[in-house]
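*Asks:* Below: one structure in structure tokens.
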Amino acid sequence: PMLVGMSRKSFVGHVLDLPIEDRLEGSLAAATVAVAHGADLVRAHDVEATRRATVLADAIYRSA
């Protein structure tokens with residue numbers, strides 16, 4: 001299994017020019033891309049939002 005942890009990381013803030021408290025959308029995008037590329041587990045600060053985004057990404061990318 002592959003575990004990723006990108007929630008609120010500095011690269012999200014750097015790319016989007018955002019402070020740590022405003023990085024939710026960037027963190028969700030990164031988690032979604034990670035799932036699309038095979039991540040099985042995602043560590044996150046915003047658990048429910050990340051769960052929803054990754055469940056949908058998993059359904060899109062892995063259901064075929």
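Letters for chains follow the order of the structure tokens (A, B, ...), residue numbers begin at 1 for each chain, and ligand numbers begin at 1 in the order shown.
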Among chain A, which ones does DSSP assign to strand (DSSP E) (computed from the backbone)? Answer as a PyMOL selection string.

*Replies:* chain A and resi 3-5+41-43

*Asks:* Residues at most 6 Å from A:Ser27, counting only C-alpha atoms, excluding those fewer than 2 positions away in the same chain, as a ChimeraX atom specification?

*Replies:* /A:7-8,24-25,29-30

*Asks:* Any idea what's packed within 10 Å of A:Leu16, counting only C-alpha atoms, ignoring anything in its chain fewer than 5 positions away? Could you give it as a PyMOL selection string?

*Replies:* chain A and resi 10-11+22-23+25-26

*Asks:* For A:Tyr61, please output as a list in words all residues within 9 Å (counting only C-alpha atoms; exclusion window: fewer than 2 positions along the same chain).

*Replies:* Val35, Ala36, His37, Leu56, Ala57, Asp58, Ala59, Ser63 and Ala64 of chain A

*Asks:* Mind dumping the selected residues with all heavy atoms as a CSV table (one decimal), in the first residue's frame?

*Replies:*
```
chain,number,residue,atom,x,y,z
A,35,VAL,N,-4.3,9.7,-5.5
A,35,VAL,CA,-5.2,8.5,-5.7
A,35,VAL,C,-5.2,8.1,-7.1
A,35,VAL,O,-5.1,6.9,-7.4
A,35,VAL,CB,-6.6,8.8,-5.2
A,35,VAL,CG1,-7.6,7.8,-5.6
A,35,VAL,CG2,-6.6,8.9,-3.6
A,36,ALA,N,-5.3,9.1,-8.0
A,36,ALA,CA,-5.3,8.7,-9.5
A,36,ALA,C,-4.0,8.0,-9.9
A,36,ALA,O,-4.0,7.2,-10.8
A,36,ALA,CB,-5.4,10.0,-10.3
A,37,HIS,N,-2.9,8.3,-9.1
A,37,HIS,CA,-1.6,7.7,-9.4
A,37,HIS,C,-1.3,6.5,-8.5
A,37,HIS,O,-0.2,6.1,-8.4
A,37,HIS,CB,-0.5,8.7,-9.4
A,37,HIS,CG,-0.5,9.6,-10.6
A,37,HIS,ND1,-1.3,10.8,-10.6
A,37,HIS,CD2,0.1,9.5,-11.8
A,37,HIS,CE1,-1.1,11.3,-11.8
A,37,HIS,NE2,-0.3,10.6,-12.5
A,56,LEU,N,-14.4,9.9,-4.3
A,56,LEU,CA,-14.9,10.2,-5.7
A,56,LEU,C,-13.8,9.9,-6.7
A,56,LEU,O,-14.0,9.3,-7.7
A,56,LEU,CB,-15.4,11.6,-5.8
A,56,LEU,CG,-15.9,12.0,-7.1
A,56,LEU,CD1,-17.1,11.1,-7.6
A,56,LEU,CD2,-16.3,13.5,-7.1
A,57,ALA,N,-12.6,10.4,-6.4
A,57,ALA,CA,-11.4,10.1,-7.3
A,57,ALA,C,-11.2,8.6,-7.5
A,57,ALA,O,-11.0,8.2,-8.6
A,57,ALA,CB,-10.2,10.8,-6.7
A,58,ASP,N,-11.3,7.9,-6.4
A,58,ASP,CA,-11.1,6.4,-6.5
A,58,ASP,C,-12.2,5.8,-7.4
A,58,ASP,O,-11.9,5.0,-8.2
A,58,ASP,CB,-11.2,5.8,-5.1
A,58,ASP,CG,-10.8,4.4,-5.1
A,58,ASP,OD1,-9.6,4.1,-5.5
A,58,ASP,OD2,-11.6,3.5,-4.7
A,59,ALA,N,-13.4,6.3,-7.2
A,59,ALA,CA,-14.5,5.8,-8.1
A,59,ALA,C,-14.3,6.1,-9.6
A,59,ALA,O,-14.5,5.3,-10.4
A,59,ALA,CB,-15.8,6.3,-7.6
A,63,SER,N,-12.7,2.4,-11.1
A,63,SER,CA,-13.9,1.6,-11.2
A,63,SER,C,-14.0,1.0,-12.6
A,63,SER,O,-14.8,0.1,-12.8
A,63,SER,CB,-15.1,2.5,-11.0
A,63,SER,OG,-15.2,3.5,-12.1
A,64,ALA,N,-13.1,1.3,-13.5
A,64,ALA,CA,-13.2,0.8,-14.9
A,64,ALA,C,-12.8,-0.7,-15.0
A,64,ALA,O,-12.3,-1.3,-14.3
A,64,ALA,CB,-12.3,1.6,-15.8
```

*Asks:* Near A:Leu3, within 12 Å and counting only C-alpha atoms, which residues show up once chain neighbours fewer than 6 positions away are dropped, as JSON, numbers by chain?

*Replies:* {"A": [31, 34, 35, 37, 38, 39, 40, 41, 42, 43, 44]}

*Asks:* Just asking: which residues within chain A are helix (DSSP H, G or I) according to DSSP, as a ChimeraX atom specification?

*Replies:* /A:10-16,20-22,24-36,47-62

*Asks:* For those residues, write C-alpha atoms to a file as a PDB file, in the first residue's frame.

*Replies:*
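New file part-v1.pdb:
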```pdb
ATOM      1  CA  SER A  10       4.374  24.167   1.984  1.00  0.00           C
ATOM      2  CA  PHE A  11       4.401  23.255  -1.723  1.00  0.00           C
ATOM      3  CA  VAL A  12       0.622  23.817  -1.800  1.00  0.00           C
ATOM      4  CA  GLY A  13       1.093  27.223  -0.245  1.00  0.00           C
ATOM      5  CA  HIS A  14       3.968  28.048  -2.569  1.00  0.00           C
ATOM      6  CA  VAL A  15       2.108  27.098  -5.762  1.00  0.00           C
ATOM      7  CA  LEU A  16      -1.126  28.821  -4.743  1.00  0.00           C
ATOM      8  CA  ILE A  20      -1.537  27.396   5.812  1.00  0.00           C
ATOM      9  CA  GLU A  21      -5.162  27.986   6.863  1.00  0.00           C
ATOM     10  CA  ASP A  22      -6.300  28.523   3.253  1.00  0.00           C
ATOM     11  CA  LEU A  24      -7.827  23.082   1.666  1.00  0.00           C
ATOM     12  CA  GLU A  25      -8.546  23.138  -2.071  1.00  0.00           C
ATOM     13  CA  GLY A  26      -4.894  22.626  -2.942  1.00  0.00           C
ATOM     14  CA  SER A  27      -4.627  19.756  -0.475  1.00  0.00           C
ATOM     15  CA  LEU A  28      -7.739  18.132  -1.944  1.00  0.00           C
ATOM     16  CA  ALA A  29      -6.372  18.485  -5.473  1.00  0.00           C
ATOM     17  CA  ALA A  30      -3.066  16.910  -4.423  1.00  0.00           C
ATOM     18  CA  ALA A  31      -4.841  14.026  -2.664  1.00  0.00           C
ATOM     19  CA  THR A  32      -7.007  13.414  -5.727  1.00  0.00           C
ATOM     20  CA  VAL A  33      -3.984  13.293  -8.024  1.00  0.00           C
ATOM     21  CA  ALA A  34      -2.236  10.938  -5.595  1.00  0.00           C
ATOM     22  CA  VAL A  35      -5.203   8.544  -5.674  1.00  0.00           C
ATOM     23  CA  ALA A  36      -5.256   8.743  -9.469  1.00  0.00           C
ATOM     24  CA  VAL A  47     -10.427  14.374   7.187  1.00  0.00           C
ATOM     25  CA  GLU A  48     -14.036  14.484   5.995  1.00  0.00           C
ATOM     26  CA  ALA A  49     -13.411  16.749   3.004  1.00  0.00           C
ATOM     27  CA  THR A  50     -10.405  14.638   1.986  1.00  0.00           C
ATOM     28  CA  ARG A  51     -12.376  11.432   2.392  1.00  0.00           C
ATOM     29  CA  ARG A  52     -15.130  12.722   0.114  1.00  0.00           C
ATOM     30  CA  ALA A  53     -12.685  13.916  -2.552  1.00  0.00           C
ATOM     31  CA  THR A  54     -10.631  10.719  -2.529  1.00  0.00           C
ATOM     32  CA  VAL A  55     -13.654   8.399  -2.553  1.00  0.00           C
ATOM     33  CA  LEU A  56     -14.881  10.173  -5.672  1.00  0.00           C
ATOM     34  CA  ALA A  57     -11.418  10.129  -7.265  1.00  0.00           C
ATOM     35  CA  ASP A  58     -11.117   6.431  -6.490  1.00  0.00           C
ATOM     36  CA  ALA A  59     -14.511   5.756  -8.094  1.00  0.00           C
ATOM     37  CA  ILE A  60     -13.523   7.682 -11.220  1.00  0.00           C
ATOM     38  CA  TYR A  61     -10.036   6.280 -11.663  1.00  0.00           C
ATOM     39  CA  ARG A  62     -10.354   2.724 -10.375  1.00  0.00           C
TER      40      ARG A  62
END
```
